[in-house]
file structure-v8.csv (CSV, N, CA and C atoms)
chain,number,residue,atom,x,y,z
A,237,MET,N,-3.2,11.0,11.9
A,237,MET,CA,-3.2,9.6,11.7
A,237,MET,C,-3.1,8.9,13.0
A,238,ALA,N,-4.2,8.1,13.3
A,238,ALA,CA,-4.3,7.4,14.6
A,238,ALA,C,-3.5,6.1,14.5
A,239,TYR,N,-3.2,5.5,13.4
A,239,TYR,CA,-2.5,4.3,13.2
A,239,TYR,C,-1.7,4.4,11.9
A,240,ASN,N,-0.7,3.5,11.8
A,240,ASN,CA,0.2,3.5,10.7
A,240,ASN,C,-0.5,2.9,9.5
A,241,GLU,N,-0.9,3.7,8.6
A,241,GLU,CA,-1.7,3.2,7.4
A,241,GLU,C,-0.9,2.3,6.5
A,242,PHE,N,0.4,2.6,6.4
A,242,PHE,CA,1.3,1.8,5.5
A,242,PHE,C,1.4,0.4,6.1
A,243,LEU,N,1.5,0.2,7.4
A,243,LEU,CA,1.5,-1.1,8.1
A,243,LEU,C,0.2,-1.8,7.9
A,244,ALA,N,-0.9,-1.1,8.0
A,244,ALA,CA,-2.2,-1.7,7.7
A,244,ALA,C,-2.3,-2.3,6.3
A,245,ASP,N,-1.8,-1.5,5.3
A,245,ASP,CA,-1.7,-2.0,3.9
A,245,ASP,C,-0.9,-3.3,3.8
A,246,ARG,N,0.2,-3.3,4.5
A,246,ARG,CA,1.1,-4.5,4.5
A,246,ARG,C,0.4,-5.7,5.1
A,247,VAL,N,-0.4,-5.5,6.2
A,247,VAL,CA,-1.1,-6.6,6.9
A,247,VAL,C,-2.2,-7.1,5.9
A,248,ARG,N,-2.9,-6.2,5.2
A,248,ARG,CA,-3.9,-6.6,4.3
A,248,ARG,C,-3.4,-7.4,3.2
A,249,ILE,N,-2.2,-7.0,2.7
A,249,ILE,CA,-1.6,-7.8,1.6
A,249,ILE,C,-1.3,-9.2,2.0
A,250,ILE,N,-0.7,-9.4,3.2
A,250,ILE,CA,-0.3,-10.7,3.7
A,250,ILE,C,-1.6,-11.5,3.9
A,251,LEU,N,-2.6,-10.9,4.5
A,251,LEU,CA,-3.9,-11.7,4.7
A,251,LEU,C,-4.5,-12.1,3.4
A,252,HIS,N,-4.5,-11.2,2.4
A,252,HIS,CA,-5.0,-11.6,1.1
A,252,HIS,C,-4.2,-12.7,0.4
A,253,GLU,N,-2.9,-12.6,0.5
A,253,GLU,CA,-2.0,-13.6,0.0
A,253,GLU,C,-2.3,-15.0,0.6
A,254,LYS,N,-2.7,-15.0,1.8
A,254,LYS,CA,-3.0,-16.3,2.5
A,254,LYS,C,-4.5,-16.7,2.3
A,255,ASN,N,-5.2,-15.9,1.4
A,255,ASN,CA,-6.6,-16.2,1.2
A,255,ASN,C,-7.4,-16.2,2.5
A,256,GLN,N,-7.0,-15.4,3.4
A,256,GLN,CA,-7.7,-15.3,4.7
A,256,GLN,C,-8.8,-14.3,4.7
A,257,SER,N,-10.0,-14.7,5.1
A,257,SER,CA,-11.1,-13.8,5.2
A,257,SER,C,-10.9,-13.0,6.5
A,258,PHE,N,-11.2,-11.7,6.5
A,258,PHE,CA,-11.1,-10.9,7.7
A,258,PHE,C,-12.0,-9.7,7.5
A,259,ILE,N,-12.3,-9.1,8.7
A,259,ILE,CA,-13.1,-7.8,8.7
A,259,ILE,C,-12.2,-6.8,9.5
A,260,GLU,N,-12.2,-5.6,9.0
A,260,GLU,CA,-11.5,-4.5,9.7
A,260,GLU,C,-12.4,-3.7,10.6
A,261,LYS,N,-12.0,-3.4,11.8
A,261,LYS,CA,-12.7,-2.6,12.7
A,261,LYS,C,-11.8,-1.6,13.4
A,262,LYS,N,-12.3,-0.4,13.4
A,262,LYS,CA,-11.6,0.7,14.1
A,262,LYS,C,-11.9,0.6,15.6
A,263,MET,N,-10.9,0.4,16.4
A,263,MET,CA,-11.1,0.3,17.9
A,263,MET,C,-9.7,0.6,18.6
A,264,MET,N,-9.8,0.9,19.8
A,264,MET,CA,-8.6,1.1,20.6
A,264,MET,C,-7.8,2.3,20.0
A,265,GLY,N,-8.4,3.2,19.3
A,265,GLY,CA,-7.6,4.2,18.6
A,265,GLY,C,-6.8,3.8,17.5
A,266,GLY,N,-7.1,2.5,17.0
A,266,GLY,CA,-6.3,2.0,15.9
A,266,GLY,C,-7.2,1.1,15.0
A,267,LEU,N,-6.7,0.1,14.4
A,267,LEU,CA,-7.4,-0.7,13.5
A,267,LEU,C,-7.1,-2.2,13.9
A,268,VAL,N,-8.2,-3.0,13.9
A,268,VAL,CA,-8.1,-4.4,14.3
A,268,VAL,C,-8.6,-5.2,13.1
A,269,PHE,N,-7.9,-6.3,12.8
A,269,PHE,CA,-8.3,-7.3,11.8
A,269,PHE,C,-8.9,-8.4,12.5
A,270,MET,N,-10.2,-8.7,12.3
A,270,MET,CA,-10.9,-9.7,12.9
A,270,MET,C,-11.0,-10.9,11.9
A,271,VAL,N,-10.6,-12.1,12.5
A,271,VAL,CA,-10.7,-13.3,11.7
A,271,VAL,C,-11.6,-14.3,12.5
A,272,ASP,N,-12.7,-14.7,11.8
A,272,ASP,CA,-13.7,-15.6,12.4
A,272,ASP,C,-14.3,-14.9,13.6
A,273,ASP,N,-14.6,-13.6,13.5
A,273,ASP,CA,-15.2,-12.8,14.5
A,273,ASP,C,-14.3,-12.7,15.8
A,274,LYS,N,-13.0,-12.9,15.7
A,274,LYS,CA,-12.1,-12.8,16.8
A,274,LYS,C,-11.0,-11.8,16.5
A,275,MET,N,-10.6,-11.0,17.4
A,275,MET,CA,-9.5,-10.1,17.3
A,275,MET,C,-8.2,-11.0,17.0
A,276,CYS,N,-7.5,-10.7,15.9
A,276,CYS,CA,-6.4,-11.5,15.5
A,276,CYS,C,-5.1,-10.6,15.5
A,277,VAL,N,-5.1,-9.6,14.6
A,277,VAL,CA,-3.9,-8.7,14.6
A,277,VAL,C,-4.5,-7.3,14.5
A,278,GLY,N,-3.7,-6.3,14.8
A,278,GLY,CA,-4.2,-4.9,14.7
A,278,GLY,C,-3.0,-3.9,14.7
A,279,ILE,N,-3.3,-2.7,14.6
A,279,ILE,CA,-2.3,-1.6,14.6
A,279,ILE,C,-2.7,-0.6,15.5
A,280,VAL,N,-1.9,-0.2,16.5
A,280,VAL,CA,-2.1,0.8,17.4
A,280,VAL,C,-0.9,1.8,17.3
A,281,LYS,N,-1.2,3.0,16.8
A,281,LYS,CA,-0.2,4.0,16.4
A,281,LYS,C,0.8,3.3,15.4
A,282,GLU,N,2.0,3.1,15.8
A,282,GLU,CA,3.1,2.6,15.0
A,282,GLU,C,3.3,1.1,15.2
A,283,ASP,N,2.6,0.5,16.2
A,283,ASP,CA,2.9,-0.9,16.6
A,283,ASP,C,1.9,-1.9,16.0
A,284,LEU,N,2.4,-3.1,15.7
A,284,LEU,CA,1.5,-4.2,15.4
A,284,LEU,C,1.1,-4.8,16.7
A,285,MET,N,-0.2,-5.2,16.8
A,285,MET,CA,-0.7,-5.9,17.9
A,285,MET,C,-1.0,-7.3,17.4
A,286,ALA,N,-0.6,-8.3,18.1
A,286,ALA,CA,-0.9,-9.7,17.7
A,286,ALA,C,-1.5,-10.5,18.9
A,287,ARG,N,-2.5,-11.2,18.6
A,287,ARG,CA,-3.1,-12.1,19.6
A,287,ARG,C,-2.5,-13.5,19.4
A,288,ILE,N,-1.6,-14.0,20.3
A,288,ILE,CA,-0.9,-15.2,20.1
A,288,ILE,C,-1.2,-16.2,21.2
A,289,ASP,N,-0.8,-17.4,21.1
A,289,ASP,CA,-1.0,-18.4,22.1
A,289,ASP,C,-0.3,-18.0,23.4
A,290,PRO,N,-1.1,-17.9,24.5
A,290,PRO,CA,-0.5,-17.5,25.7
A,290,PRO,C,0.6,-18.4,26.2
A,291,ASP,N,0.6,-19.7,25.7
A,291,ASP,CA,1.7,-20.6,26.1
A,291,ASP,C,3.1,-20.3,25.5
A,292,ILE,N,3.1,-19.5,24.4
A,292,ILE,CA,4.4,-19.1,23.8
A,292,ILE,C,4.7,-17.6,24.1
A,293,HIS,N,3.9,-17.0,24.9
A,293,HIS,CA,4.0,-15.5,25.2
A,293,HIS,C,5.4,-15.2,25.7
A,294,SER,N,5.9,-15.9,26.7
A,294,SER,CA,7.2,-15.7,27.3
A,294,SER,C,8.3,-15.7,26.3
A,295,LYS,N,8.2,-16.7,25.4
A,295,LYS,CA,9.3,-16.8,24.3
A,295,LYS,C,9.1,-15.6,23.3
A,296,ALA,N,7.9,-15.3,23.0
A,296,ALA,CA,7.6,-14.3,21.9
A,296,ALA,C,8.2,-12.9,22.3
A,297,ILE,N,8.1,-12.6,23.6
A,297,ILE,CA,8.5,-11.2,24.0
A,297,ILE,C,10.0,-11.1,24.1
A,298,THR,N,10.7,-12.2,23.8
A,298,THR,CA,12.2,-12.1,23.6
A,298,THR,C,12.6,-11.7,22.2
A,299,LYS,N,11.7,-11.7,21.3
A,299,LYS,CA,12.0,-11.4,19.9
A,299,LYS,C,12.2,-9.9,19.7
A,300,LYS,N,12.9,-9.5,18.7
A,300,LYS,CA,13.2,-8.1,18.4
A,300,LYS,C,11.9,-7.3,18.3
A,301,GLY,N,11.9,-6.2,19.1
A,301,GLY,CA,10.7,-5.2,19.0
A,301,GLY,C,9.5,-5.6,19.7
A,302,CYS,N,9.4,-6.8,20.3
A,302,CYS,CA,8.2,-7.3,20.9
A,302,CYS,C,8.1,-7.0,22.4
A,303,ARG,N,6.9,-6.7,22.9
A,303,ARG,CA,6.7,-6.5,24.3
A,303,ARG,C,5.2,-7.0,24.6
A,304,THR,N,5.0,-7.2,25.9
A,304,THR,CA,3.6,-7.6,26.3
A,304,THR,C,2.7,-6.4,26.0
A,305,MET,N,1.5,-6.7,25.5
A,305,MET,CA,0.5,-5.6,25.3
A,305,MET,C,0.1,-5.1,26.7
A,306,ASP,N,0.2,-3.8,26.8
A,306,ASP,CA,-0.2,-3.2,28.1
A,306,ASP,C,-1.1,-2.0,27.8
A,307,PHE,N,-2.0,-2.1,26.9
A,307,PHE,CA,-2.9,-1.0,26.4
A,307,PHE,C,-3.7,-0.4,27.6
A,308,THR,N,-4.1,-1.2,28.5
A,308,THR,CA,-4.9,-0.8,29.6
A,308,THR,C,-4.1,-0.6,30.9
A,309,GLN,N,-2.8,-0.5,30.7
A,309,GLN,CA,-1.9,-0.3,31.8
A,309,GLN,C,-1.7,-1.6,32.7
A,310,ARG,N,-2.2,-2.7,32.2
A,310,ARG,CA,-2.0,-3.9,32.8
A,310,ARG,C,-1.6,-4.9,31.7
A,311,PRO,N,-0.6,-5.8,32.0
A,311,PRO,CA,-0.1,-6.7,31.0
A,311,PRO,C,-1.2,-7.7,30.6
A,312,MET,N,-1.2,-8.0,29.3
A,312,MET,CA,-2.2,-9.0,28.9
A,312,MET,C,-1.5,-10.2,28.2
A,313,LYS,N,-1.4,-11.3,28.9
A,313,LYS,CA,-0.7,-12.5,28.4
A,313,LYS,C,-1.5,-13.0,27.1
A,314,GLY,N,-0.7,-13.2,26.1
A,314,GLY,CA,-1.3,-13.7,24.8
A,314,GLY,C,-1.5,-12.6,23.8
A,315,TYR,N,-1.3,-11.4,24.3
A,315,TYR,CA,-1.4,-10.2,23.4
A,315,TYR,C,0.0,-9.5,23.4
A,316,VAL,N,0.5,-9.2,22.2
A,316,VAL,CA,1.8,-8.5,22.2
A,316,VAL,C,1.8,-7.3,21.3
A,317,PHE,N,2.6,-6.4,21.5
A,317,PHE,CA,2.9,-5.3,20.6
A,317,PHE,C,4.2,-5.5,20.0
A,318,VAL,N,4.4,-5.2,18.8
A,318,VAL,CA,5.7,-5.3,18.1
A,318,VAL,C,5.9,-4.0,17.4
A,319,ASN,N,7.0,-3.3,17.8
A,319,ASN,CA,7.3,-2.0,17.3
A,319,ASN,C,7.8,-2.1,15.9
A,320,PRO,N,7.9,-0.9,15.2
A,320,PRO,CA,8.3,-0.9,13.8
A,320,PRO,C,9.6,-1.7,13.5
A,321,GLU,N,10.5,-1.6,14.4
A,321,GLU,CA,11.8,-2.4,14.1
A,321,GLU,C,11.5,-3.9,14.0
A,322,GLY,N,10.6,-4.4,14.8
A,322,GLY,CA,10.3,-5.8,14.8
A,322,GLY,C,9.4,-6.3,13.6
A,323,VAL,N,8.9,-5.3,12.8
A,323,VAL,CA,8.1,-5.7,11.6
A,323,VAL,C,8.6,-5.0,10.4
A,324,ASP,N,9.8,-4.5,10.4
A,324,ASP,CA,10.3,-3.7,9.3
A,324,ASP,C,10.4,-4.6,8.0
A,325,MET,N,10.9,-5.8,8.2
A,325,MET,CA,11.0,-6.7,7.1
A,325,MET,C,9.7,-7.5,6.9
A,326,ASP,N,9.3,-7.8,5.6
A,326,ASP,CA,8.1,-8.5,5.4
A,326,ASP,C,8.0,-9.8,6.0
A,327,GLU,N,9.2,-10.5,6.1
A,327,GLU,CA,9.3,-11.8,6.7
A,327,GLU,C,8.9,-11.7,8.2
A,328,ASP,N,9.4,-10.6,8.8
A,328,ASP,CA,9.1,-10.5,10.3
A,328,ASP,C,7.6,-10.2,10.5
A,329,LEU,N,7.0,-9.4,9.7
A,329,LEU,CA,5.6,-9.1,9.8
A,329,LEU,C,4.8,-10.4,9.6
A,330,GLU,N,5.2,-11.1,8.6
A,330,GLU,CA,4.5,-12.4,8.3
A,330,GLU,C,4.6,-13.4,9.4
A,331,TYR,N,5.8,-13.4,10.1
A,331,TYR,CA,6.0,-14.3,11.2
A,331,TYR,C,4.9,-14.0,12.3
A,332,TRP,N,4.7,-12.7,12.6
A,332,TRP,CA,3.7,-12.4,13.7
A,332,TRP,C,2.3,-12.7,13.2
A,333,ILE,N,2.0,-12.4,12.0
A,333,ILE,CA,0.7,-12.7,11.5
A,333,ILE,C,0.4,-14.2,11.5
A,334,ASN,N,1.4,-15.0,11.1
A,334,ASN,CA,1.3,-16.4,11.2
A,334,ASN,C,1.0,-16.9,12.6
A,335,LEU,N,1.7,-16.4,13.6
A,335,LEU,CA,1.5,-16.8,15.0
A,335,LEU,C,0.0,-16.5,15.4
A,336,ALA,N,-0.5,-15.3,15.0
A,336,ALA,CA,-1.8,-14.9,15.3
A,336,ALA,C,-2.9,-15.8,14.6
A,337,LEU,N,-2.6,-16.1,13.3
A,337,LEU,CA,-3.5,-16.9,12.6
A,337,LEU,C,-3.5,-18.4,13.1
A,338,LYS,N,-2.4,-18.8,13.5
A,338,LYS,CA,-2.3,-20.2,14.1
A,338,LYS,C,-3.1,-20.3,15.4
A,339,TYR,N,-3.1,-19.3,16.2
A,339,TYR,CA,-3.8,-19.3,17.5
A,339,TYR,C,-5.3,-19.1,17.3
A,340,ASN,N,-5.6,-18.3,16.3
A,340,ASN,CA,-7.0,-17.9,16.1
A,340,ASN,C,-8.1,-18.9,16.2
A,341,PRO,N,-7.9,-20.1,15.7
A,341,PRO,CA,-9.0,-21.1,15.8
A,341,PRO,C,-9.3,-21.5,17.3
A,342,ARG,N,-8.3,-21.4,18.1
A,342,ARG,CA,-8.4,-21.7,19.6
A,342,ARG,C,-8.8,-20.6,20.4
A,343,ALA,N,-8.7,-19.4,19.9
A,343,ALA,CA,-9.0,-18.2,20.7
A,343,ALA,C,-10.5,-18.1,21.0
A,344,LYS,N,-10.8,-17.5,22.1
A,344,LYS,CA,-12.2,-17.4,22.5
A,344,LYS,C,-12.7,-16.1,21.9
A,345,SER,N,-13.9,-16.1,21.4
A,345,SER,CA,-14.5,-14.9,20.9
A,345,SER,C,-15.1,-14.1,22.0
A,346,SER,N,-15.0,-12.8,21.9
A,346,SER,CA,-15.6,-11.9,22.9
A,346,SER,C,-17.0,-11.5,22.5
A,347,LYS,N,-17.5,-12.1,21.4
A,347,LYS,CA,-18.8,-11.8,20.9
A,347,LYS,C,-19.9,-12.3,21.9
A,348,LYS,N,-20.9,-11.5,22.1
A,348,LYS,CA,-22.0,-11.9,23.1
A,348,LYS,C,-23.2,-12.4,22.4
call {"tool": "encode", "arguments": {"input": "structure-v8.csv", "output": "structure tokens"}}
result
Amino acid sequence: MAYNEFLADRVRIILHEKNQSFIEKKMMGGLVFMVDDKMCVGIVKEDLMARIDPDIHSKAITKKGCRTMDFTQRPMKGYVFVNPEGVDMDEDLEYWINLALKYNPRAKSSKK
């Protein structure tokens, strides 16, 4: 198992409940949920990855289980990993998904 499939199912449920259109793509050894052709949230091993507003990044990493995404061994402002403890409760997972969805309209697409 390259990524936590139970967490992926939980993300799918929340996105469906919000009537949010998305596409799933396997990348980075995990699964990414694309909203409007932009990376929004994903799962890498056991962690949730969320693309959030860089302006709230410093505050976000003070939350339980959250750290700056460092997938490429360099910190990426506006991207966070949240460990299983930080998304254990559905309300916590929904919090991170809401932050990512809120930022998504302003996020730049990497599409060429």
call {"tool": "closest_atom_pairs", "arguments": {"input": "structure-v8.csv", "of": "range 249-302 of chain A", "to": "range 323-343 of chain A", "cutoff": "10 Å", "atoms": "only C-alpha atoms", "output": "tab-separated table"}}
result
residue	atom	partner	partner_atom	distance
A:Ile250	CA	A:Glu330	CA	6.9
A:Leu251	CA	A:Ile333	CA	8.3
A:Lys254	CA	A:Asn334	CA	9.7
A:Gln256	CA	A:Leu337	CA	9.1
A:Met270	CA	A:Asn340	CA	9.6
A:Val271	CA	A:Asn340	CA	7.4
A:Asp272	CA	A:Asn340	CA	8.0
A:Asp273	CA	A:Asn340	CA	9.8
A:Lys274	CA	A:Asn340	CA	7.2
A:Met275	CA	A:Asn340	CA	8.3
A:Cys276	CA	A:Ala336	CA	5.7
A:Val277	CA	A:Ala336	CA	6.6
A:Gly278	CA	A:Ile333	CA	9.8
A:Asp283	CA	A:Val323	CA	8.7
A:Leu284	CA	A:Val323	CA	7.8
A:Met285	CA	A:Trp332	CA	8.9
A:Ala286	CA	A:Ala336	CA	5.8
A:Arg287	CA	A:Ala336	CA	5.3
A:Ile288	CA	A:Ala336	CA	4.9
A:Asp289	CA	A:Tyr339	CA	5.5
A:Pro290	CA	A:Tyr339	CA	9.0
A:Ile292	CA	A:Leu335	CA	9.5
A:Ala296	CA	A:Trp332	CA	9.3
A:Lys300	CA	A:Val323	CA	8.8
A:Gly301	CA	A:Val323	CA	7.9
A:Cys302	CA	A:Val323	CA	9.4
call {"tool": "select_by_dssp", "arguments": {"input": "structure-v8.csv", "residues": "chain A", "states": "alpha helix (DSSP H)", "output": "PyMOL selection string"}}
result
chain A and resi 241-253+293-296+326-339
call {"tool": "closest_residue", "arguments": {"input": "structure-v8.csv", "among": "A:Tyr239, A:Phe258, A:Phe317, A:Phe269", "to": "Thr304 in chain A", "atoms": "only C-alpha atoms"}}
result
A:Phe317
call {"tool": "atom_distance", "arguments": {"input": "structure-v8.csv", "atom1": "atom C of Arg303 in chain A", "atom2": "atom C of Val316 in chain A"}}
result
4.7 Å
call {"tool": "residues_around", "arguments": {"input": "structure-v8.csv", "residues": "range 240-246 of chain A", "least_positions_apart": "6", "cutoff": "6 Å", "atoms": "only N, CA and C atoms", "output": "PDB file with N, CA and C atoms, in the coordinates of the input"}}
result
ATOM      1  N   ILE A 279      -3.300  -2.700  14.600  1.00  0.00           N
ATOM      2  CA  ILE A 279      -2.300  -1.600  14.600  1.00  0.00           C
ATOM      3  C   ILE A 279      -2.700  -0.600  15.500  1.00  0.00           C
ATOM      4  N   VAL A 280      -1.900  -0.200  16.500  1.00  0.00           N
ATOM      5  CA  VAL A 280      -2.100   0.800  17.400  1.00  0.00           C
ATOM      6  C   VAL A 280      -0.900   1.800  17.300  1.00  0.00           C
ATOM      7  N   LYS A 281      -1.200   3.000  16.800  1.00  0.00           N
ATOM      8  CA  LYS A 281      -0.200   4.000  16.400  1.00  0.00           C
ATOM      9  C   LYS A 281       0.800   3.300  15.400  1.00  0.00           C
ATOM     10  N   GLU A 282       2.000   3.100  15.800  1.00  0.00           N
ATOM     11  CA  GLU A 282       3.100   2.600  15.000  1.00  0.00           C
ATOM     12  C   GLU A 282       3.300   1.100  15.200  1.00  0.00           C
TER      13      GLU A 282
END
call {"tool": "select_by_dssp", "arguments": {"input": "structure-v8.csv", "residues": "chain A", "states": "strand (DSSP E)", "output": "ChimeraX atom specification"}}
result
/A:259-263,266-271,274-280,283-287,302-305,312-318
call {"tool": "atom_distance", "arguments": {"input": "structure-v8.csv", "atom1": "CA of Lys262 in chain A", "atom2": "CA of Glu321 in chain A"}}
result
23.6 Å
call {"tool": "atom_distance", "arguments": {"input": "structure-v8.csv", "atom1": "atom N of Asn255 in chain A", "atom2": "CA of Asn319 in chain A"}}
result
24.5 Å
call {"tool": "closest_residue", "arguments": {"input": "structure-v8.csv", "among": "A:Asp306, A:Gly322, A:Gly314, A:Ser346", "to": "His293 in chain A", "atoms": "only C-alpha atoms"}}
result
A:Gly314
